[in-house]
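**Student:** Here it is, the structure, as structure tokens.
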Amino acid sequence: MKKRFETILIFLCMMITLMPFTALAVNDGTIYVGGVELTSTADTPAYALTDESGKVTTAGAGAENYNIKWDGNILTLSDAKITQESYVFLDSTSAAAIYCKNDIEIYLKGTNTVTSLAGNPENGIHMSSGIYSEGNISISGDGVLEVSGGDVDFDKDIESARAESYGIYSYNGSVTISSGKVTAAGGEAISQSDYARSSGIYSKGLVITGGEITANNNSYSHGNGAASYSYGICSKSNVIIENAKIYAEGSFATYSAGIFVEGNITIESGNVQALGGRSDSATSSGIAAVNGGSVTINGGKVIAAIGLTENGDANAIYADGNITINGGKVAATGPSNNVDGVEPQYSRGIFSGTGDITITGKDTVVITKGGFAKKERDAIMANAGDIIILGGNVRADGSLSSYDGFGNGLRALIRKEWPPAPHRSQDKAGSTGGNIIISGGNLAAVGDTKSLNYEGELIVRPKNTEITVSVLDNWITKEDPWWQLDWEGMATSATQIEGSPFTKETVIDKTLTENKLYFGATSVDVDPIDPGDETIPDDQNDQEDQINPNNQTEDMDKDNYSPKTGDEGNSTVWLALMLASVLSMVASEQHDRRKRRVK
């Protein structure tokens, strides 16, 4: 009996080995587009047309006349409008305008619109996705894709009333975008008794190596402790961005972020703007890497900002682990002020929960503002690690005041046991961190209460250079405009501390920098920033170089435009951020219109 079983097993293994590769292919050749089933192979593609209303039909479609072509692996969209019907799955609780059970490659030609079915208690749809796959999703081509999930509204007190909406959703795989112009939007997700989640792109991993991508959404929940999650991009694993233009924006929710990753974020090059929206009680982040994740920026232009946050955390760039900036130009800013009493407890420009913050590179530029908060504002903060400046030009502005609390340019705390907020790693007690280490580059820091606030040591560690350290009791603003910091004036007025300039490693006595509102450290190997040089972006007058979805460049001078932070207000907030190197954000914002739903 045993010998017979072994013979059968050997036979089966031989048969599997001899089977053609196509028989083992992951895809079964079936896809649903606009509710229409298309089954094909590479040799016998399926074709379909779309009409002006967005309905999909196979009638009259062929190789010379199609809007949709499916060859079993690649879905070609050519001026397709898919907006009428969706495929319903998962016991009729989910809908997708384009549904594929396995991996799918999408090739774009012309302008394409994909919109999924809305969800509500009447049709029982709790999740709506423009494009849904249980495997990997790849997008390429030279066309345009505008894809959105439908609004999902469970604004009723019923059991299991979750609400989810996604533009692009890869349930168990990654999303790869190599070219094309893609706008992915989650619809408005509303739940009274369960969670609500909306994302432009949601996946288990994301790689973007080209193209122009806009990812945004609308998410809202209320009642019975329900939480909402609003992310422009949300990935359950690592994200890599290179040579692409990206605009990612969260909207009003309990947790809001432009880019939210449960892993590492690496930006190699390109132009990235990430805006967190207004949070009603928890966190808002421009860029966030949680679950022990790190943020690494090796080049490109990165702008991260956050909206108003009510009694929570506001972080333009946040990582559980290390934050490393090796190159490029980075602007990170917290909220500019409070509106109608709405303000976060804590606001930071760049914040690491448990790791080090390292800035290096001769041509690197980092401009960061702590923003406005009730208790604490920090331009750059290492909660349990070191702040290390090895090179580049760094400006850290913690000058915005609040009713109480304190504001710092740089803040570094010694690692200790602390109760982590949701999504943060469970770091244990220790004795490292808390140091500010300067080995090169140029650093200018101001604070409302202290330019530098650290629990460890301030260490000057020159490497083949000398470093001049100077301080000033007060920071200085310009006469016109009065609210703009005069960085050049502060650098000129500051006084060198004892022992400066330094040519060897030195631990600076705390009494020399304690309670100083301006701190400057300048090395001879890097030219200081010209305070009048609008460094982000370089070619600010070239609108084509900006990421402006929905023709934002044409509307930026209109008073009724602002980033979708959950408020409608003055456009000068974001315009100043992008075109004036985050020198100031002075705005008046109104209460979010969606607050009318609160009962």
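Ligands are numbered from 1 in the order shown, chains are lettered A, B, ... in the order of the structure tokens, and residues start at 1 in each chain.
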Identify, with DSSP run on backbone atoms, the residues in region 282-498 of chain A assigned to alpha helix (DSSP H), and express the list as a CSV table (one decimal) with C-alpha atoms, in the first residue's frame.

**Tutor:**
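File written: part_11.csv
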```csv
chain,number,residue,atom,x,y,z
A,487,TRP,CA,16.9,84.4,9.7
A,488,GLU,CA,19.7,86.6,8.3
A,489,GLY,CA,19.2,89.2,11.0
A,490,MET,CA,19.4,86.5,13.7
A,491,ALA,CA,22.5,85.0,12.3
A,492,THR,CA,24.2,88.4,12.2
A,493,SER,CA,23.1,89.4,15.7
```

**Student:** Write out as number ranges by chain each polymer residue whose atoms come within 8 Å of Ser399 (chain A), counting only C-alpha atoms; drop sequence neighbours fewer than 6 positions from it.

**Tutor:** A: 370, 407-409, 446-449

**Student:** Env of Leu390 (chain A): 12 Å cut, atoms = only C-alpha atoms, seq-sep filter 2 positions within chain, self excluded. Answer as a ChimeraX atom specification.

**Tutor:** /A:324-327,357-364,387-388,392-394,436-443,459-465,467,521-523,525-526

**Student:** Skip Ala63 (chain A) itself and residues of its chain fewer than 4 positions away, then list as a ChimeraX atom specification all residues within 12 Å of it, counting only C-alpha atoms.

**Tutor:** /A:44-49,58,67-71,76

**Student:** For CA of Gln192 (chain A) and CA of Pro121 (chain A), determine how far apart the two atoms are, in Å to one decimal place.

**Tutor:**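 Computing it gives 12.1 Å between the two atoms.
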
**Student:** When you look at Tyr171 (chain A) with a cut-off of 8 Å (counting only C-alpha atoms), what residues show up, excluding the ones that are within fewer than 6 positions of it in the same chain? I need them as a ChimeraX atom specification.

**Tutor:** /A:132-135,202-204

**Student:** Restricting it to N, CA and C atoms, dump the selection as a compact mmCIF listing (two decimals), in the first residue's frame.

**Tutor:**
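Saved result, again.txt, follows:
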```
# COMPACT_ATOMS: atom_id res chain seq x y z
N TYR A 132 -10.60 46.75 -7.74
CA TYR A 132 -10.37 45.83 -6.63
C TYR A 132 -9.71 44.56 -7.15
N SER A 133 -8.65 44.14 -6.45
CA SER A 133 -8.01 42.87 -6.77
C SER A 133 -7.58 42.20 -5.49
N GLU A 134 -7.67 40.89 -5.45
CA GLU A 134 -7.13 40.15 -4.32
C GLU A 134 -5.64 39.90 -4.48
N GLY A 135 -5.10 40.23 -5.65
CA GLY A 135 -3.67 40.08 -5.91
C GLY A 135 -3.01 41.43 -6.15
N TYR A 202 -5.20 51.81 -1.44
CA TYR A 202 -5.08 50.96 -0.26
C TYR A 202 -4.49 49.63 -0.71
N SER A 203 -3.37 49.21 -0.09
CA SER A 203 -2.70 48.00 -0.55
C SER A 203 -1.83 47.42 0.54
N LYS A 204 -1.20 46.28 0.23
CA LYS A 204 -0.24 45.67 1.15
C LYS A 204 1.19 46.07 0.83
```

**Student:** To one decimal place, how far is CA of Ala196 (chain A) from CA of Pro335 (chain A) in Å?

**Tutor:**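 CA of Pro335 (chain A) lies at a distance of 24.6 Å from CA of Ala196 (chain A).
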
**Student:** Mind listing the strand (DSSP E) residues of region 138-242 of chain A, per DSSP on the backbone, as a ChimeraX atom specification?

**Tutor:** /A:138-141,144-148,152-154,163-170,175-177,181-191,196-203,206-208,212-221,228-235,239-241

**Student:** Residues near Gly293 (chain A), anyone? I mean within 10 Å using only C-alpha atoms, not counting same-chain ones fewer than 3 positions away, as a list in words.

**Tutor:**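 Final neighbour list, sorted by chain and number: Ser237, Asn238, Val261, Glu262, Gly263, Asn264, Ile265, Ala288, Ala289, Val290, Tyr318, Ala319, Asp320, Gly321, Asn322, Ile323, Gly355, Arg424 and Ser425 of chain A.
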
**Student:** Could you tell me how far CA of Gly312 (chain A) sits from CA of Ser284 (chain A), in Å to one decimal place?

**Tutor:**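 Spanning CA of Ser284 (chain A) to CA of Gly312 (chain A) is a straight-line distance of 8.1 Å.
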
**Student:** Restricting the calculation to only C-alpha atoms, which member of A:Asn102, A:Gln84, A:Ser235, A:Asn172 is positioned closest to Gly150 (chain A)?

**Tutor:** A:Gln84

**Student:** Near Asp280 (chain A), within 10 Å and counting only C-alpha atoms, which residues show up once chain neighbours fewer than 2 positions away are dropped, as a list of chain:residue names?

**Tutor:**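 Counting only C-alpha atoms, the residues come to A:Tyr220, A:Ser221, A:His222, A:Ala227, A:Ser228, A:Phe252, A:Ala253, A:Thr254, A:Tyr255, A:Ser256, A:Gly277, A:Arg278, A:Ala282, A:Thr283, A:Ser284, A:Leu308, A:Thr309, A:Glu310, A:Asn311, A:Gly312, A:Val342, A:Glu343, A:Pro344, A:Gly566, A:Lys595.
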
**Student:** Would you mind telling me which residue in A:Gly520, A:Gly149, A:Gly232, A:Gly173 lies nearest to Ile201 (chain A) when using only C-alpha atoms?

**Tutor:** A:Gly232
